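Working notes for the structure below.
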Amino acid sequence: MNENNTTIIGIDIQEKLCQMLDKKDSVENAKKLLQLASILNIDTILTEQYPKGLGSTIEDIKGFKTIEKTTFSALQTPRFLEELEKLNNKNIIIFGIETHICVYQTVLDLINKNYNVFVVCDCCASRKKLNHKTALRLMESYGAKITTLEICLFEFLKSSKHPNFKEIQGLIK
């Protein structure tokens with residue numbers, strides 16, 4: 001995987017959804033993944049589920065292309081699908097809230113459209129741990145690859161000789 005054939009998709013990292021989570025680590029990890037996207041200039045799309053009711057994307061991660069939706073799967077929103085197809089990348093790195101609803105349904109649609117899907121499990125969250133874990137198992141059974149933030153960071157680097165090695169390594173220290 002490299003930055004030239006990959007799109008990062010962030011699902012619904014919104015104010016009210018983040019407040020409902022017990023564990024905030026996933027949101028902090030999501031910020032780091034998006035820092036990677038900025039450093040390496042990786043195509044990125046964020047979604048917002050019904051922002052009038054759930055608030056907008058949290059302040060720390062604004063600045064990326066953001067698409068509003070009311071469907072659980074982002075691919076069921078025509079504007080999102082149009083933007084994704086325009087990028088023409090076959091590898092998708094996806095994360096977000098909630099794992100078992102919007103992330104899950106988006107992943108299934110991506111797999112059905114023959115994308116290579118990588119779910120960054122420690123950048124995803126649900127209100128209940130059981131829902132989170134069950135959704136990860138289901139997505140994997142359908143063909144998604146389950147990965148972690150640190151695996152992603154180093155997969156893009158490939159070597160300590162990468163020109164952005166120190167900067168990216170600094171994200172996990």
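We label chains A, B, ... in the order they appear in the structure tokens, count residues from 1 in each chain, and number ligands from 1 in the order shown.
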
TODO: Excluding Thr66 in chain A and any residue of its chain fewer than 3 positions from it, enumerate the residues within 10 Å of it, using only C-alpha atoms, and give them as an NGL selection string.
DONE: :A and (9-12 or 44-48 or 56-57 or 62-63 or 69 or 80)

Counting only C-alpha atoms, which residues of range 26-83 of chain A fall within 10 Å of range 165-172 of chain A, and what is the closest atom pair for each with its distance in Å at one decimal, ordered by chain and rising number, as a Markdown table?
| residue | atom | partner | partner_atom | distance |
| --- | --- | --- | --- | --- |
| A:Asn29 | CA | A:Ile172 | CA | 9.0 |
| A:Lys31 | CA | A:Leu171 | CA | 9.6 |
| A:Lys32 | CA | A:Leu171 | CA | 6.1 |
| A:Leu33 | CA | A:Leu171 | CA | 8.7 |
| A:Gln35 | CA | A:Leu171 | CA | 8.1 |
| A:Leu36 | CA | A:Ile168 | CA | 6.6 |
| A:Ile39 | CA | A:Ile168 | CA | 7.9 |
| A:Leu40 | CA | A:Ile168 | CA | 9.4 |

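Closest approach to Tyr115 in chain A among A:Met1, A:Ala37, A:Ile92, A:Leu84 is made by A:Ile92 (distances from only C-alpha atoms).
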
Task: Given only C-alpha atoms as the counted atoms, nearest of A:Phe118, A:Ser159, A:Leu153, A:Phe95 to His132 in chain A - done: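 Closest candidate: A:Phe95.
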
Quick one: residues within 9 Å of Ser26 in chain A, only C-alpha atoms, excluding same-chain residues fewer than 3 positions away - as a PDB file with N, CA and C atoms, in the first residue's frame?
ATOM      1  N   LYS A  23     -14.318   5.417  25.820  1.00  0.00           N
ATOM      2  CA  LYS A  23     -12.883   5.440  25.586  1.00  0.00           C
ATOM      3  C   LYS A  23     -12.551   6.455  24.496  1.00  0.00           C
ATOM      4  N   ASN A  29      -6.305   8.421  18.324  1.00  0.00           N
ATOM      5  CA  ASN A  29      -5.643   7.670  17.261  1.00  0.00           C
ATOM      6  C   ASN A  29      -6.107   8.140  15.887  1.00  0.00           C
ATOM      7  N   ALA A  30      -7.385   8.445  15.768  1.00  0.00           N
ATOM      8  CA  ALA A  30      -7.912   8.950  14.491  1.00  0.00           C
ATOM      9  C   ALA A  30      -7.211  10.252  14.096  1.00  0.00           C
ATOM     10  N   LYS A  31      -6.965  11.113  15.075  1.00  0.00           N
ATOM     11  CA  LYS A  31      -6.251  12.366  14.803  1.00  0.00           C
ATOM     12  C   LYS A  31      -4.862  12.068  14.237  1.00  0.00           C
ATOM     13  N   GLY A  96     -13.717   5.130  12.222  1.00  0.00           N
ATOM     14  CA  GLY A  96     -14.786   6.032  12.621  1.00  0.00           C
ATOM     15  C   GLY A  96     -15.682   5.543  13.728  1.00  0.00           C
ATOM     16  N   CYS A 121      -8.771  -0.647  13.527  1.00  0.00           N
ATOM     17  CA  CYS A 121      -9.626  -0.974  14.668  1.00  0.00           C
ATOM     18  C   CYS A 121      -9.421  -0.058  15.872  1.00  0.00           C
ATOM     19  N   ASP A 122      -8.212   0.434  16.084  1.00  0.00           N
ATOM     20  CA  ASP A 122      -7.996   1.311  17.242  1.00  0.00           C
ATOM     21  C   ASP A 122      -8.275   2.781  16.927  1.00  0.00           C
ATOM     22  N   CYS A 123      -8.846   3.022  15.758  1.00  0.00           N
ATOM     23  CA  CYS A 123      -9.349   4.360  15.388  1.00  0.00           C
ATOM     24  C   CYS A 123     -10.868   4.308  15.212  1.00  0.00           C
ATOM     25  N   CYS A 124     -11.475   3.201  15.623  1.00  0.00           N
ATOM     26  CA  CYS A 124     -12.924   3.010  15.549  1.00  0.00           C
ATOM     27  C   CYS A 124     -13.473   2.875  16.957  1.00  0.00           C
ATOM     28  N   ALA A 125     -14.754   3.171  17.109  1.00  0.00           N
ATOM     29  CA  ALA A 125     -15.372   3.024  18.420  1.00  0.00           C
ATOM     30  C   ALA A 125     -16.885   2.865  18.288  1.00  0.00           C
TER      31      ALA A 125
END

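Of the residues listed (A:Gln76, A:Lys65, A:Thr71, A:Ile97), A:Ile97 shows the shortest atom-to-atom separation from Ile13 in chain A; distances use only C-alpha atoms.
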
- [ ] Name the residues of range 39-163 of chain A that fall into helix (DSSP H, G or I) according to DSSP on the backbone, using the chain letters and numbers of this document, as a PyMOL selection string.
- [x] chain A and resi 39-40+51-54+59-61+74-76+78-87+99-112+129-141+149-157

TODO: Within 7 Å of range 4-6 of chain A, counting only C-alpha atoms, which residues show up once you throw out same-chain ones fewer than 6 positions away? Write them as JSON, numbers by chain, please.
DONE: {"A": [42, 43, 89, 90, 91, 92]}

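Shortest separation to Glu28 in chain A among A:Ile61, A:Val103, A:Leu157, A:Ala74 occurs at residue A:Ile61, atoms counted being only C-alpha atoms.
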
Open item on the list: Given only C-alpha atoms as the basis, pick out the residue of A:Lys52, A:Lys113, A:His100, A:Lys161 nearest to Arg127 in chain A.
Closed with: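 Once distances to Arg127 in chain A are computed over only C-alpha atoms, the minimum belongs to A:His100.
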
Open item on the list: Just to confirm, what's the straight-line distance from CA of Leu136 in chain A to CA of Thr148 in chain A in Å (one decimal)?
Closed with: 12.0 Å

Task: Straight-line distance linking CA of Val117 in chain A with CA of Glu82 in chain A, stated in Å to one decimal - done: 18.0 Å

Open item on the list: Going by DSSP on the backbone, which residues of range 25-136 of chain A come out as strand (DSSP E or B)? List them as a PyMOL selection string.
Closed with: chain A and resi 43-49+57+65-69+91-97+116-125

Keeping C-alpha atoms, export the residues of the selection given above as an mmCIF file, in the first residue's frame.
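Saved file result-v5.cif follows:
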data_model
loop_
_atom_site.group_PDB
_atom_site.id
_atom_site.type_symbol
_atom_site.label_atom_id
_atom_site.label_comp_id
_atom_site.auth_asym_id
_atom_site.auth_seq_id
_atom_site.Cartn_x
_atom_site.Cartn_y
_atom_site.Cartn_z
ATOM 1 C CA ASP A 43 -6.518 11.415 -0.432
ATOM 2 C CA THR A 44 -8.960 11.732 2.477
ATOM 3 C CA ILE A 45 -12.718 12.058 2.810
ATOM 4 C CA LEU A 46 -14.590 12.588 6.078
ATOM 5 C CA THR A 47 -18.314 12.101 6.597
ATOM 6 C CA GLU A 48 -20.785 13.708 8.957
ATOM 7 C CA GLN A 49 -23.963 11.870 9.893
ATOM 8 C CA THR A 57 -16.669 17.105 12.806
ATOM 9 C CA LYS A 65 -13.098 17.189 2.337
ATOM 10 C CA THR A 66 -16.254 16.518 4.380
ATOM 11 C CA ILE A 67 -19.523 15.147 3.077
ATOM 12 C CA GLU A 68 -22.828 15.206 4.969
ATOM 13 C CA LYS A 69 -24.953 12.085 4.931
ATOM 14 C CA ASN A 91 -7.092 0.693 -1.343
ATOM 15 C CA ILE A 92 -9.300 2.147 1.367
ATOM 16 C CA ILE A 93 -8.248 2.787 4.950
ATOM 17 C CA ILE A 94 -11.355 3.395 7.024
ATOM 18 C CA PHE A 95 -12.084 4.342 10.633
ATOM 19 C CA GLY A 96 -14.786 6.032 12.621
ATOM 20 C CA ILE A 97 -17.806 6.050 14.862
ATOM 21 C CA ASN A 116 -9.349 -3.458 -0.759
ATOM 22 C CA VAL A 117 -10.559 -2.386 2.672
ATOM 23 C CA PHE A 118 -8.393 -1.891 5.766
ATOM 24 C CA VAL A 119 -10.287 -1.127 8.996
ATOM 25 C CA VAL A 120 -8.107 0.631 11.575
ATOM 26 C CA CYS A 121 -9.626 -0.974 14.668
ATOM 27 C CA ASP A 122 -7.996 1.311 17.242
ATOM 28 C CA CYS A 123 -9.349 4.360 15.388
ATOM 29 C CA CYS A 124 -12.924 3.010 15.549
ATOM 30 C CA ALA A 125 -15.372 3.024 18.420
#

- [ ] Mind giving me the straight-line distance from CA of Lys129 in chain A to CA of Asn114 in chain A in Å, one decimal?
- [x]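 For CA of Lys129 in chain A relative to CA of Asn114 in chain A, the distance reads 28.7 Å.
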
Task: Residue among A:Leu110, A:Leu21, A:Ile151, A:Leu34 lying closest to Lys128 in chain A, counting only C-alpha atoms - done: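 Closest candidate: A:Leu21.
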
Task: Distance query Gly55 in chain A at most 9 Å, only C-alpha atoms, self and fewer than 3 positions along chain excluded, as a PyMOL selection string - done: chain A and resi 14-17+48-52+58

Keeping all heavy atoms for every residue in the selection just given, could you write it to a file as a CSV table (one decimal), in the first residue's frame?
chain,number,residue,atom,x,y,z
A,14,GLN,N,-17.7,13.1,15.1
A,14,GLN,CA,-18.5,14.3,15.4
A,14,GLN,C,-18.7,14.6,16.9
A,14,GLN,O,-18.6,13.6,17.7
A,14,GLN,CB,-19.9,14.2,14.7
A,14,GLN,CG,-19.9,14.2,13.2
A,14,GLN,CD,-21.1,13.7,12.6
A,14,GLN,OE1,-21.2,12.6,12.1
A,14,GLN,NE2,-22.2,14.5,12.6
A,15,GLU,N,-18.9,15.8,17.2
A,15,GLU,CA,-19.0,16.3,18.6
A,15,GLU,C,-19.8,15.4,19.5
A,15,GLU,O,-19.4,14.8,20.5
A,15,GLU,CB,-19.5,17.7,18.6
A,15,GLU,CG,-18.6,18.7,18.0
A,15,GLU,CD,-19.3,20.0,17.5
A,15,GLU,OE1,-20.5,20.1,17.7
A,15,GLU,OE2,-18.5,20.9,17.1
A,16,LYS,N,-21.1,15.2,19.2
A,16,LYS,CA,-22.0,14.4,20.1
A,16,LYS,C,-21.7,13.0,20.1
A,16,LYS,O,-21.9,12.3,21.1
A,16,LYS,CB,-23.5,14.7,19.7
A,16,LYS,CG,-23.9,16.1,20.0
A,16,LYS,CD,-25.4,16.3,19.8
A,16,LYS,CE,-25.8,17.7,20.2
A,16,LYS,NZ,-27.1,18.1,19.9
A,17,LEU,N,-21.2,12.4,19.0
A,17,LEU,CA,-20.9,11.0,18.9
A,17,LEU,C,-19.6,10.8,19.8
A,17,LEU,O,-19.6,9.8,20.5
A,17,LEU,CB,-20.6,10.5,17.5
A,17,LEU,CG,-21.9,10.5,16.6
A,17,LEU,CD1,-21.5,10.1,15.2
A,17,LEU,CD2,-22.9,9.4,17.1
A,48,GLU,N,-20.0,13.2,7.8
A,48,GLU,CA,-20.8,13.7,9.0
A,48,GLU,C,-22.2,13.2,8.9
A,48,GLU,O,-22.9,13.5,7.9
A,48,GLU,CB,-20.8,15.2,9.0
A,48,GLU,CG,-19.5,15.9,9.3
A,48,GLU,CD,-19.6,17.4,9.4
A,48,GLU,OE1,-20.6,18.0,8.8
A,48,GLU,OE2,-18.7,18.0,10.0
A,49,GLN,N,-22.6,12.4,9.8
A,49,GLN,CA,-24.0,11.9,9.9
A,49,GLN,C,-24.9,12.9,10.5
A,49,GLN,O,-24.7,13.3,11.7
A,49,GLN,CB,-24.0,10.6,10.7
A,49,GLN,CG,-25.4,10.0,10.9
A,49,GLN,CD,-25.9,9.3,9.7
A,49,GLN,OE1,-25.1,8.9,8.8
A,49,GLN,NE2,-27.2,9.1,9.6
A,50,TYR,N,-25.8,13.4,9.7
A,50,TYR,CA,-26.8,14.3,10.2
A,50,TYR,C,-26.2,15.4,11.2
A,50,TYR,O,-26.5,15.4,12.4
A,50,TYR,CB,-28.0,13.6,10.8
A,50,TYR,CG,-29.2,14.5,11.2
A,50,TYR,CD1,-29.9,15.2,10.3
A,50,TYR,CD2,-29.5,14.6,12.6
A,50,TYR,CE1,-30.9,16.0,10.6
A,50,TYR,CE2,-30.6,15.4,12.9
A,50,TYR,CZ,-31.3,16.1,12.0
A,50,TYR,OH,-32.3,17.0,12.3
A,51,PRO,N,-25.4,16.3,10.7
A,51,PRO,CA,-24.7,17.2,11.6
A,51,PRO,C,-25.6,18.2,12.3
A,51,PRO,O,-25.2,18.7,13.4
A,51,PRO,CB,-23.8,18.0,10.6
A,51,PRO,CG,-24.2,17.7,9.3
A,51,PRO,CD,-25.0,16.4,9.3
A,52,LYS,N,-26.8,18.4,11.8
A,52,LYS,CA,-27.8,19.3,12.6
A,52,LYS,C,-28.1,18.7,13.9
A,52,LYS,O,-28.3,19.4,14.9
A,52,LYS,CB,-29.1,19.5,11.8
A,52,LYS,CG,-28.9,20.4,10.6
A,52,LYS,CD,-30.2,20.6,9.9
A,52,LYS,CE,-29.9,21.4,8.6
A,52,LYS,NZ,-31.0,21.4,7.7
A,58,ILE,N,-15.3,17.1,14.8
A,58,ILE,CA,-14.6,17.7,15.9
A,58,ILE,C,-13.5,18.7,15.4
A,58,ILE,O,-12.9,18.4,14.3
A,58,ILE,CB,-14.0,16.7,16.9
A,58,ILE,CG1,-12.9,15.8,16.2
A,58,ILE,CG2,-15.1,15.9,17.6
A,58,ILE,CD1,-12.1,14.9,17.2
